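S.K.: This is work_31.cif (mmCIF, C-alpha atoms and all ligand atoms).
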data_structure
#
loop_
_atom_site.label_atom_id
_atom_site.label_comp_id
_atom_site.auth_asym_id
_atom_site.auth_seq_id
_atom_site.Cartn_x
_atom_site.Cartn_y
_atom_site.Cartn_z
CA MET N 1 -112.80 110.26 115.47
CA LEU N 2 -114.18 111.45 118.80
CA ILE N 3 -117.81 110.86 119.76
CA LEU N 4 -119.57 112.20 122.85
CA GLY N 5 -121.99 109.59 124.23
CA ILE N 6 -124.91 110.35 126.56
CA ASP N 7 -127.09 107.87 128.47
CA THR N 8 -129.94 108.79 130.83
CA SER N 9 -132.10 105.71 130.26
CA CYS N 10 -132.66 104.80 133.88
CA ASP N 11 -131.18 106.20 137.09
CA ASP N 12 -127.58 106.92 136.03
CA THR N 13 -126.63 110.19 134.35
CA ALA N 14 -123.75 109.23 132.06
CA ALA N 15 -121.52 110.95 129.51
CA ALA N 16 -118.32 109.73 127.84
CA VAL N 17 -115.92 110.60 125.05
CA VAL N 18 -114.73 107.64 122.97
CA GLN N 19 -112.24 107.58 120.12
CA ASP N 20 -112.88 105.38 117.07
CA GLY N 21 -115.49 103.31 118.89
CA SER N 22 -112.92 101.63 121.09
CA VAL N 23 -110.64 103.97 123.09
CA ILE N 24 -112.22 105.56 126.16
CA LYS N 25 -111.07 109.13 126.68
CA SER N 26 -113.46 109.75 129.57
CA ASN N 27 -116.37 107.88 131.13
CA ILE N 28 -118.41 109.72 133.78
CA VAL N 29 -121.39 108.22 135.61
CA SER N 30 -123.38 109.93 138.33
CA ASN N 31 -125.64 107.44 140.09
CA GLN N 32 -128.80 108.23 142.03
CA ASN N 33 -128.66 105.29 144.46
CA GLU N 34 -128.97 107.55 147.50
CA ILE N 35 -132.26 109.00 146.23
CA HIS N 36 -133.95 105.70 145.34
CA GLN N 37 -132.52 103.59 148.19
CA LYS N 38 -135.24 104.44 150.66
CA TYR N 39 -137.98 103.40 148.21
CA GLY N 40 -136.31 100.05 147.41
CA GLY N 41 -136.50 100.86 143.67
CA ILE N 42 -136.41 103.68 141.14
CA VAL N 43 -139.00 106.46 141.43
CA PRO N 44 -139.24 107.65 137.79
CA GLU N 45 -140.20 111.27 138.55
CA LEU N 46 -137.29 111.68 140.97
CA ALA N 47 -134.95 110.09 138.43
CA SER N 48 -135.86 112.59 135.68
CA ARG N 49 -135.49 115.56 138.01
CA LYS N 50 -132.02 114.43 139.07
CA HIS N 51 -130.99 113.87 135.44
CA LEU N 52 -132.03 117.44 134.71
CA GLU N 53 -129.78 118.67 137.51
CA MET N 54 -126.81 116.45 136.64
CA ILE N 55 -126.74 116.30 132.84
CA TRP N 56 -124.72 119.46 132.26
CA PRO N 57 -122.15 118.85 135.07
CA VAL N 58 -121.67 115.24 133.89
CA VAL N 59 -121.21 116.23 130.22
CA HIS N 60 -118.91 119.06 131.28
CA GLU N 61 -116.79 116.64 133.33
CA ALA N 62 -116.66 114.10 130.49
CA MET N 63 -115.40 116.79 128.08
CA GLY N 64 -112.95 118.14 130.65
CA SER N 65 -111.39 114.84 131.64
CA ALA N 66 -111.05 113.84 127.97
CA ASP N 67 -109.46 117.26 127.48
CA VAL N 68 -111.47 117.96 124.34
CA ASP N 69 -113.56 120.82 123.06
CA PHE N 70 -116.90 120.52 121.24
CA LYS N 71 -115.16 121.51 118.01
CA ASP N 72 -112.95 118.39 118.35
CA LEU N 73 -115.98 116.06 118.28
CA SER N 74 -117.31 114.31 115.18
CA ALA N 75 -120.79 113.61 116.59
CA VAL N 76 -123.07 113.38 119.61
CA ALA N 77 -124.57 109.92 120.26
CA VAL N 78 -127.51 109.71 122.59
CA CYS N 79 -129.46 106.78 124.02
CA GLN N 80 -132.99 106.95 122.55
CA GLY N 81 -134.43 103.95 124.44
CA PRO N 82 -135.57 101.62 125.83
CA GLY N 83 -135.87 103.04 129.33
CA LEU N 84 -137.86 105.38 131.53
CA ILE N 85 -139.47 107.96 129.28
CA GLY N 86 -138.87 110.98 131.54
CA SER N 87 -135.23 110.01 132.07
CA LEU N 88 -134.63 109.40 128.36
CA LEU N 89 -136.23 112.72 127.49
CA VAL N 90 -133.55 114.62 129.42
CA GLY N 91 -130.65 112.95 127.57
CA VAL N 92 -132.31 113.15 124.15
CA CYS N 93 -133.17 116.87 124.52
CA PHE N 94 -129.71 117.66 125.82
CA GLY N 95 -128.07 115.69 122.99
CA LYS N 96 -130.20 117.50 120.41
CA SER N 97 -129.26 120.89 121.88
CA LEU N 98 -125.54 120.09 121.88
CA SER N 99 -125.77 118.86 118.32
CA TYR N 100 -127.63 122.01 117.19
CA VAL N 101 -125.45 124.54 119.02
CA ASN N 102 -122.17 122.92 117.97
CA ASP N 103 -123.31 121.90 114.49
CA LEU N 104 -122.54 118.22 115.13
CA PRO N 105 -124.32 115.19 113.64
CA LEU N 106 -126.81 113.57 116.03
CA ILE N 107 -126.85 109.79 116.42
CA ALA N 108 -129.60 107.78 118.15
CA VAL N 109 -128.45 104.59 119.90
CA ASN N 110 -130.50 101.73 121.32
CA HIS N 111 -129.47 101.09 124.94
CA LEU N 112 -129.30 97.31 124.34
CA GLU N 113 -127.06 97.82 121.33
CA GLY N 114 -124.90 99.94 123.64
CA HIS N 115 -124.61 97.11 126.17
CA ILE N 116 -123.61 94.69 123.37
CA PHE N 117 -120.98 97.14 122.08
CA SER N 118 -119.41 97.52 125.53
CA ALA N 119 -117.52 94.35 124.50
CA PHE N 120 -115.65 96.46 121.93
CA LEU N 121 -114.22 98.80 124.55
CA GLU N 122 -111.92 96.05 125.84
CA ASP N 123 -108.58 94.88 124.42
CA ASN N 124 -109.84 91.39 123.61
CA THR N 125 -112.91 91.83 121.39
CA PRO N 126 -115.17 89.11 119.99
CA GLU N 127 -115.23 88.30 116.30
CA PHE N 128 -118.62 88.17 114.54
CA PRO N 129 -120.82 86.24 114.84
CA PHE N 130 -121.14 85.90 118.60
CA ILE N 131 -123.86 85.17 121.15
CA ALA N 132 -124.70 88.14 123.40
CA LEU N 133 -126.45 87.78 126.73
CA VAL N 134 -127.76 91.21 127.78
CA VAL N 135 -128.84 90.99 131.39
CA SER N 136 -129.81 94.09 133.33
CA GLY N 137 -132.52 95.63 135.47
CA GLY N 138 -134.84 96.04 132.51
CA HIS N 139 -133.77 93.29 130.10
CA THR N 140 -132.76 89.66 129.89
CA SER N 141 -132.26 88.56 126.29
CA ILE N 142 -129.96 86.43 124.18
CA TYR N 143 -129.01 87.67 120.71
CA ARG N 144 -127.03 86.30 117.83
CA VAL N 145 -124.87 89.22 116.72
CA ASN N 146 -123.85 88.72 113.09
CA GLY N 147 -122.34 92.16 112.73
CA PHE N 148 -123.11 95.78 113.48
CA ASP N 149 -126.84 96.40 112.92
CA ASP N 150 -127.46 92.69 112.31
CA TYR N 151 -128.98 91.16 115.43
CA LYS N 152 -131.26 88.16 115.82
CA GLU N 153 -133.10 87.80 119.13
CA ILE N 154 -132.91 84.17 120.22
CA SER N 155 -134.79 84.52 123.48
CA ARG N 156 -135.97 87.01 126.07
CA THR N 157 -137.63 87.06 129.46
CA ARG N 158 -141.34 86.37 129.49
CA ASP N 159 -141.84 88.43 132.65
CA ASP N 160 -139.27 90.05 134.97
CA ALA N 161 -135.67 90.79 134.05
CA ALA N 162 -132.96 89.04 136.10
CA GLY N 163 -131.71 92.32 137.61
CA GLU N 164 -135.27 93.24 138.53
CA ALA N 165 -135.55 89.91 140.40
CA PHE N 166 -132.32 90.71 142.30
CA ASP N 167 -133.76 94.13 143.18
CA LYS N 168 -137.12 92.72 144.29
CA VAL N 169 -135.60 89.97 146.42
CA ALA N 170 -133.27 92.56 148.02
CA LYS N 171 -136.37 94.59 148.85
CA LEU N 172 -138.06 91.52 150.38
CA LEU N 173 -134.94 90.99 152.51
CA ASP N 174 -134.83 94.69 153.46
CA LEU N 175 -131.37 95.16 151.97
CA GLY N 176 -131.77 98.37 149.95
CA TYR N 177 -131.24 99.34 146.31
CA PRO N 178 -129.73 98.41 143.89
CA GLY N 179 -130.23 94.84 145.02
CA GLY N 180 -127.74 92.98 142.84
CA PRO N 181 -124.50 93.93 144.61
CA LEU N 182 -126.18 93.66 148.05
CA ILE N 183 -127.49 90.14 147.37
CA GLU N 184 -124.08 89.16 145.98
CA GLN N 185 -122.34 90.33 149.17
CA LEU N 186 -124.82 88.63 151.50
CA ALA N 187 -124.73 85.41 149.47
CA LEU N 188 -121.01 85.05 150.18
CA LYS N 189 -121.92 84.08 153.75
CA GLY N 190 -124.82 81.79 152.83
CA ASP N 191 -125.32 78.20 151.65
CA ALA N 192 -126.45 78.21 148.01
CA GLU N 193 -127.83 74.68 148.32
CA SER N 194 -129.89 75.24 151.44
CA ILE N 195 -133.16 76.15 149.66
CA PRO N 196 -134.11 74.51 146.35
CA PHE N 197 -135.68 77.53 144.65
CA PRO N 198 -137.22 76.71 141.22
CA ARG N 199 -135.35 77.23 137.95
CA ALA N 200 -137.55 77.96 134.92
CA ILE N 201 -135.86 75.61 132.49
CA MET N 202 -138.32 75.25 129.60
CA PRO N 203 -137.43 72.21 127.52
CA THR N 204 -138.49 73.67 124.18
CA SER N 205 -137.54 77.32 124.67
CA LEU N 206 -134.54 79.40 125.63
CA ASP N 207 -136.82 82.12 127.02
CA PHE N 208 -136.33 83.24 130.62
CA SER N 209 -138.81 83.62 133.44
CA TYR N 210 -138.07 85.15 136.83
CA SER N 211 -141.51 85.78 138.33
CA GLY N 212 -141.88 82.21 139.66
CA LEU N 213 -138.51 82.40 141.38
CA LYS N 214 -139.40 85.77 142.90
CA THR N 215 -142.74 84.41 144.17
CA ALA N 216 -140.99 81.32 145.58
CA VAL N 217 -138.66 83.58 147.60
CA LEU N 218 -141.64 85.62 148.85
CA THR N 219 -143.55 82.45 149.85
CA HIS N 220 -140.46 81.06 151.61
CA ILE N 221 -140.03 84.28 153.61
CA LYS N 222 -143.73 84.33 154.56
CA LYS N 223 -143.54 80.72 155.80
CA LYS N 224 -141.01 81.85 158.42
CA THR N 225 -138.93 78.69 158.08
CA GLY N 226 -136.07 80.18 160.04
CA SER N 227 -133.74 80.36 157.02
CA SER N 228 -131.13 83.06 157.37
CA LYS N 229 -131.09 86.02 154.95
CA GLU N 230 -127.66 84.82 153.85
CA ASP N 231 -129.01 81.38 152.85
CA ILE N 232 -132.00 82.91 151.04
CA ALA N 233 -129.71 85.31 149.14
CA ALA N 234 -127.26 82.54 148.19
CA SER N 235 -129.99 80.08 147.14
CA PHE N 236 -131.84 82.74 145.13
CA GLN N 237 -128.64 83.88 143.43
CA ALA N 238 -127.71 80.30 142.49
CA ALA N 239 -131.12 79.74 140.86
CA ALA N 240 -131.11 83.11 139.07
CA LEU N 241 -127.61 82.62 137.66
CA GLU N 242 -128.05 78.99 136.67
CA MET N 243 -130.84 79.92 134.24
CA LEU N 244 -128.63 82.57 132.61
CA ILE N 245 -125.63 80.28 132.24
CA LYS N 246 -127.46 77.16 131.01
CA LYS N 247 -129.53 78.98 128.41
CA THR N 248 -126.71 81.11 127.03
CA ILE N 249 -124.43 78.11 126.59
CA LYS N 250 -127.26 76.14 125.03
CA ALA N 251 -127.93 79.03 122.61
CA ALA N 252 -124.27 79.04 121.57
CA GLY N 253 -124.45 75.27 120.95
CA GLN N 254 -127.64 75.62 118.89
CA GLU N 255 -126.16 78.38 116.75
CA GLY N 256 -122.79 76.60 116.42
CA ILE N 257 -120.92 79.62 117.78
CA ASN N 258 -118.08 79.45 120.30
CA ARG N 259 -118.02 83.10 121.41
CA ILE N 260 -120.30 84.55 124.08
CA SER N 261 -120.44 88.12 125.39
CA VAL N 262 -122.21 88.96 128.63
CA SER N 263 -123.16 92.57 129.38
CA GLY N 264 -125.63 94.67 131.38
CA GLY N 265 -125.68 95.35 135.12
CA VAL N 266 -126.03 91.72 136.25
CA SER N 267 -122.83 90.86 134.36
CA ALA N 268 -121.01 92.70 137.18
CA ASN N 269 -121.87 89.69 139.39
CA SER N 270 -118.59 87.89 140.15
CA LEU N 271 -120.18 84.47 140.57
CA LEU N 272 -121.88 84.81 137.18
CA ARG N 273 -118.57 85.87 135.61
CA LYS N 274 -116.70 82.95 137.19
CA LYS N 275 -119.30 80.24 136.51
CA MET N 276 -120.06 81.39 132.97
CA LYS N 277 -116.33 81.21 132.15
CA GLU N 278 -115.92 77.78 133.77
CA ARG N 279 -118.96 76.20 132.12
CA ALA N 280 -118.19 77.80 128.74
CA ALA N 281 -114.55 76.66 128.86
CA ALA N 282 -115.75 73.09 129.37
CA GLU N 283 -117.63 73.43 126.05
CA GLY N 284 -114.73 75.13 124.25
CA ILE N 285 -116.50 78.51 124.29
CA GLU N 286 -114.73 81.82 124.94
CA VAL N 287 -116.51 84.38 127.13
CA TYR N 288 -116.10 88.15 126.66
CA LEU N 289 -116.95 90.24 129.71
CA PRO N 290 -116.74 94.04 129.93
CA SER N 291 -114.86 95.46 132.93
CA LEU N 292 -117.09 96.16 135.91
CA ASN N 293 -117.57 99.88 135.16
CA LEU N 294 -118.68 99.00 131.63
CA SER N 295 -121.08 96.25 132.76
CA THR N 296 -123.52 98.61 134.42
CA ASP N 297 -125.01 101.64 132.64
CA ASN N 298 -122.48 103.99 131.10
CA ALA N 299 -122.20 106.28 128.09
CA ALA N 300 -118.94 104.91 126.65
CA MET N 301 -120.99 102.00 125.28
CA ILE N 302 -123.38 104.49 123.60
CA ALA N 303 -120.46 106.32 121.97
CA ALA N 304 -118.96 102.95 120.89
CA ALA N 305 -122.19 101.90 119.15
CA GLY N 306 -122.57 105.47 117.84
CA PHE N 307 -119.25 105.11 116.00
CA HIS N 308 -120.69 102.31 113.85
CA HIS N 309 -123.81 104.36 113.10
CA PHE N 310 -121.52 107.21 112.07
CA ASN N 311 -119.64 104.97 109.66
CA LYS N 312 -122.96 103.96 108.08
CA ARG N 313 -124.06 107.61 108.01
CA GLN N 314 -127.09 106.76 110.17
CA PHE N 315 -127.89 110.19 111.59
CA SER N 316 -131.00 111.56 113.26
CA ASN N 317 -132.73 114.88 112.88
CA TYR N 318 -134.26 117.11 115.54
CA SER N 319 -137.59 115.31 115.45
CA LEU N 320 -135.89 112.51 117.39
CA ASN N 321 -138.02 111.39 120.33
CA PRO N 322 -137.19 108.99 123.16
CA ARG N 323 -138.85 105.58 123.16
CA ALA N 324 -139.66 103.69 126.36
CA TYR N 325 -140.18 100.49 124.38
CA MET N 326 -137.58 99.97 121.67
CA PRO N 327 -136.74 96.44 120.59
CA LEU N 328 -133.36 95.90 118.99
O1 LIG S 1 -127.43 97.78 133.06
P1 LIG S 1 -127.90 98.40 134.34
O2 LIG S 1 -126.95 99.30 135.06
O3 LIG S 1 -129.23 99.22 134.11
C1 LIG S 1 -130.26 98.76 133.29
O4 LIG S 1 -130.13 98.90 132.04
O5 LIG S 1 -131.21 98.17 133.85
O6 LIG S 1 -128.37 97.20 135.31
C2 LIG S 1 -128.83 97.45 136.60
C3 LIG S 1 -129.22 96.11 137.21
C4 LIG S 1 -129.91 96.28 138.58
O7 LIG S 1 -131.08 95.47 138.58
C5 LIG S 1 -128.86 95.75 139.56
O8 LIG S 1 -129.42 95.17 140.72
C6 LIG S 1 -128.15 94.72 138.71
O9 LIG S 1 -128.06 95.31 137.43
N1 LIG S 1 -126.79 94.46 139.23
C7 LIG S 1 -126.40 93.26 139.69
C8 LIG S 1 -125.09 93.42 140.18
N2 LIG S 1 -124.71 94.72 139.96
C9 LIG S 1 -125.78 95.34 139.38
N3 LIG S 1 -127.05 92.08 139.77
C10 LIG S 1 -126.40 91.04 140.33
N4 LIG S 1 -125.14 91.13 140.84
C11 LIG S 1 -124.45 92.30 140.78
N5 LIG S 1 -123.22 92.38 141.26
ZN ZN S 2 -128.51 99.12 131.00
#
Can I see the file as C-alpha cells?

M.R.:
Amino acid sequence: MLILGIDTSCDDTAAAVVQDGSVIKSNIVSNQNEIHQKYGGIVPELASRKHLEMIWPVVHEAMGSADVDFKDLSAVAVCQGPGLIGSLLVGVCFGKSLSYVNDLPLIAVNHLEGHIFSAFLEDNTPEFPFIALVVSGGHTSIYRVNGFDDYKEISRTRDDAAGEAFDKVAKLLDLGYPGGPLIEQLALKGDAESIPFPRAIMPTSLDFSYSGLKTAVLTHIKKKTGSSKEDIAASFQAAALEMLIKKTIKAAGQEGINRISVSGGVSANSLLRKKMKERAAAEGIEVYLPSLNLSTDNAAMIAAAGFHHFNKRQFSNYSLNPRAYMPL
C-alpha cells in the first residue's frame, strides 16, 4: 500500500511516498533556511508564501522519484497540526485537493505522532510499549507509547522547547538559523564545563523548562565575562542535553520500560545521540534513533503514521482544517 505524505507544519515543504508504513519510496524536503536566516528565526508569513510556491514542485518530485502515479496511491496523508497556521493551511488545502481530484481517501496526521512514527521507518523498530522523547523547535515532551493511537503524555516543557532554546542562543551569539546545527558545530571547539549554566531538574516532576537556561546565557553574555562563543555554546549545549537525557531515562525507569525512541529536530544532535545511548546502555535500555534525515521535519513520517490510520479506517472529510494547537 502506497501513501503520499505531506508536511508543511513549519518552514520545510515536505512530501514523501511510503509503502506499508515502513518502506520509503521517496522523501523530498525543501527547506527555507536561506529566507529566515537573516531574521534569526522563522517569519510565519514568509514561510506560508514559500510553501505555496514549493508545494506542487515538491509533491511532483516525490511522485517522480518514487516512480508512481496518483492512481497507484491508496491515500493522501497530511499533517493537520500542531504548527504555524498559515504553513499548515497550504499543506492541508493541497492534500484535500489531491484527494478530491484523484478520488483518494484523506488522512489527517498529528505532527508529533509523525515524529514518533519516524522510528518505524528504520530496520530496527521498537516494540510496544516504549518511551518516546519528541524534541524539536516547537515541542519537548515525553510519551509512553502503548501502541498506535494509544499515547500517554508523561511530561512536557513548561515554557520553551529545547530546539527553540538552541535557536535563541544561536541568535544571541549571532550564528544564524537554524541554531541547533550551528551551536553543535561551535561547541566542538569549546569547553562544556567552563560555564555552569543551570539545569532545571525538578525533583517531583519530569517536566522540562528551558527559559531559565536561555536567560542565564543572555545574562552571561551581557556581563561580558570574556567567555568565548565556543565555550558558551558548549556549556549551553551540555546543560540543554543533560535535562533531556536524565528525564527520559528516569521516565523509562518509572514506567518499567527498557525501550526509548528519540525523534524531532534536536535528535539530529550527535552529542545527544551518543550520550543518550551511553547512559541508556548503562541502565540496560535500548535507544531507537531515526536517521538524520528522518529526525528533522519530513513527510515520510506523516505517511508512516498515515498507514496506521488507514488500517483503522480513520479518514477525514473535506471540512478538515489545520490546527495550530493540537495535543496528541
Ligand atoms: O523537528 P524539526 O525539524 O521542526 C519542528 O517540528 O520544530 O526541529 C527543528 C529544530 C530547530 O529548533 C533546530 O535548531 C533543531 O531542531 N535542531 C537541532 C539540531 N538540528 C536541528 N538542535 C540541536 N542540534 C542539532 N544538530
Ligand atoms: Zn517537527

S.K.: Between N:Glu113, N:Asp149, N:Asp20, N:Glu193, which residue has the minimum interatomic distance to ligand LIG 1 (chain S), considering only C-alpha atoms and all ligand atoms?

M.R.: N:Glu113

S.K.: Can you work out which one of N:Gly95, N:Pro327, N:Gly179, N:Gly306 has the shortest atom-to-atom distance to Asn269 in chain N, counting only C-alpha atoms?

M.R.: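 Selected residue with least distance to Asn269 in chain N: N:Gly179.
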
S.K.: With only C-alpha atoms and all ligand atoms as the atoms that count, which of N:His115, N:Lys96, N:Lys168, N:Lys25 lies nearest to ligand ZN 2 (chain S)?

M.R.: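 Between N:His115, N:Lys96, N:Lys168, N:Lys25, the residue approaching ligand ZN 2 (chain S) most closely is N:His115.
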
S.K.: Between N:His139, N:His111, N:Lys38, N:Lys250, which has the minimum distance to Ala303 in chain N (counting all atoms listed in the file)?

M.R.: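 Closest to Ala303 in chain N of all the choices is N:His111.
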
S.K.: What is the distance between CA of Leu73 in chain N and CA of Ala300 in chain N, in Å to one decimal?

M.R.: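 Interatomic distance here is 14.3 Å.
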
S.K.: Enumerate residues in contact with ligand LIG 1 (chain S): an atom-to-atom distance of at most 10 Å, counting only C-alpha atoms and all ligand atoms. Format the result as a short mmCIF file (atom, residue, chain, number, x, y, z; two decimals) with C-alpha atoms, in the frame of the given file.

M.R.:
data_model
loop_
_atom_site.label_atom_id
_atom_site.label_comp_id
_atom_site.auth_asym_id
_atom_site.auth_seq_id
_atom_site.Cartn_x
_atom_site.Cartn_y
_atom_site.Cartn_z
CA THR N 8 -129.94 108.79 130.83
CA SER N 9 -132.10 105.71 130.26
CA CYS N 10 -132.66 104.80 133.88
CA ASP N 11 -131.18 106.20 137.09
CA ASP N 12 -127.58 106.92 136.03
CA ASN N 31 -125.64 107.44 140.09
CA GLY N 41 -136.50 100.86 143.67
CA PRO N 82 -135.57 101.62 125.83
CA GLY N 83 -135.87 103.04 129.33
CA HIS N 111 -129.47 101.09 124.94
CA LEU N 112 -129.30 97.31 124.34
CA GLY N 114 -124.90 99.94 123.64
CA HIS N 115 -124.61 97.11 126.17
CA VAL N 134 -127.76 91.21 127.78
CA VAL N 135 -128.84 90.99 131.39
CA SER N 136 -129.81 94.09 133.33
CA GLY N 137 -132.52 95.63 135.47
CA GLY N 138 -134.84 96.04 132.51
CA HIS N 139 -133.77 93.29 130.10
CA THR N 140 -132.76 89.66 129.89
CA ALA N 161 -135.67 90.79 134.05
CA ALA N 162 -132.96 89.04 136.10
CA GLY N 163 -131.71 92.32 137.61
CA GLU N 164 -135.27 93.24 138.53
CA ALA N 165 -135.55 89.91 140.40
CA PHE N 166 -132.32 90.71 142.30
CA ASP N 167 -133.76 94.13 143.18
CA LYS N 168 -137.12 92.72 144.29
CA VAL N 169 -135.60 89.97 146.42
CA ALA N 170 -133.27 92.56 148.02
CA TYR N 177 -131.24 99.34 146.31
CA PRO N 178 -129.73 98.41 143.89
CA GLY N 179 -130.23 94.84 145.02
CA GLY N 180 -127.74 92.98 142.84
CA PRO N 181 -124.50 93.93 144.61
CA LEU N 182 -126.18 93.66 148.05
CA ILE N 183 -127.49 90.14 147.37
CA GLU N 184 -124.08 89.16 145.98
CA GLN N 185 -122.34 90.33 149.17
CA GLN N 237 -128.64 83.88 143.43
CA ALA N 240 -131.11 83.11 139.07
CA LEU N 241 -127.61 82.62 137.66
CA SER N 263 -123.16 92.57 129.38
CA GLY N 264 -125.63 94.67 131.38
CA GLY N 265 -125.68 95.35 135.12
CA VAL N 266 -126.03 91.72 136.25
CA SER N 267 -122.83 90.86 134.36
CA ALA N 268 -121.01 92.70 137.18
CA ASN N 269 -121.87 89.69 139.39
CA SER N 270 -118.59 87.89 140.15
CA LEU N 271 -120.18 84.47 140.57
CA LEU N 272 -121.88 84.81 137.18
CA ARG N 273 -118.57 85.87 135.61
CA LEU N 292 -117.09 96.16 135.91
CA ASN N 293 -117.57 99.88 135.16
CA LEU N 294 -118.68 99.00 131.63
CA SER N 295 -121.08 96.25 132.76
CA THR N 296 -123.52 98.61 134.42
CA ASP N 297 -125.01 101.64 132.64
CA ASN N 298 -122.48 103.99 131.10
#

S.K.: I'd like the contact shell of range 318-323 of chain N - 6 Å cut-off, all atoms listed in the file, skipping same-chain residues fewer than 5 positions apart - returned as a list of chain:residue names.

M.R.: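 Returned residues: N:Gln80, N:Gly81, N:Pro82, N:Leu88, N:Leu89.
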
S.K.: Within 6 Å of range 224-234 of chain N, counting all atoms listed in the file, which residues qualify if same-chain residues fewer than 6 places away don't, as number ranges by chain?

M.R.: N: 183, 186-187, 189-192

S.K.: Would you mind telling me which residue in N:Gly253, N:Pro44, N:Gly212, N:Pro105 lies nearest to Ala200 in chain N when using only C-alpha atoms?

M.R.: N:Gly212

S.K.: What lies within 7 Å of range 282-290 of chain N using all atoms listed in the file, ignoring chain neighbours under 2 positions off, as a list in words?

M.R.: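 Non-adjacent residues within range: Ser118, Ala119, Glu122, Pro126, Asn258, Arg259, Ile260, Ser261, Val262, Ser263, Lys277, Glu278, Arg279, Ala280, Leu292, Leu294 and Ser295 of chain N.
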
S.K.: Quick one, how far is CA of Asn124 in chain N from CA of Asp150 in chain N?

M.R.: 21.0 Å

S.K.: When you look at Glu255 in chain N with a cut-off of 12 Å (counting all atoms listed in the file), what residues show up, excluding the ones that are within fewer than 3 positions of it in the same chain? I need them as a list of chain:residue names.

M.R.: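 Residues near the query, excluding close chain neighbours: N:Pro129, N:Phe130, N:Ile131, N:Ala132, N:Ile142, N:Tyr143, N:Arg144, N:Val145, N:Asn146, N:Lys152, N:Glu153, N:Ile154, N:Thr248, N:Ile249, N:Lys250, N:Ala251, N:Ala252, N:Asn258, N:Arg259, N:Ile260.
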
S.K.: Between CA of Val78 in chain N and CA of Leu106 in chain N, what is the spacing in Å?

M.R.: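 Between CA of Leu106 in chain N and CA of Val78 in chain N the gap is 7.6 Å.
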
S.K.: Env of Ser209 in chain N: 7 Å cut, atoms = only C-alpha atoms, seq-sep filter 6 positions within chain, self excluded. Answer as a list in words.

M.R.: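 So, after excluding close chain neighbours, the residues are Thr157, Arg158, Asp159, Asp160 and Ala200 of chain N.
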
S.K.: How would you write as a PyMOL selection string the residues that get within 8 Å of (-117.7, 109.1, 127.6) in the file's frame, counting all atoms listed in the file?

M.R.: chain N and resi 4-6+14-18+24-28+62+298-300+303

S.K.: Counting all atoms listed in the file, which of N:Ser194, N:Gln32, N:Thr219, N:Thr204 gets nearest to Ser235 in chain N?

M.R.: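 Checking each of N:Ser194, N:Gln32, N:Thr219, N:Thr204 against Ser235 in chain N, counting all atoms listed in the file, the winner is N:Ser194.
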
S.K.: Go ahead and fit an axis-aligned box to every listed atom of range 264-277 of chain N plus 5 Å each side, and pass me the centre and edge lengths in Å, one decimal, as JSON.

M.R.:
{"center_x": -121.2, "center_y": 87.8, "center_z": 136.0, "size_x": 19.7, "size_y": 25.1, "size_z": 19.2}
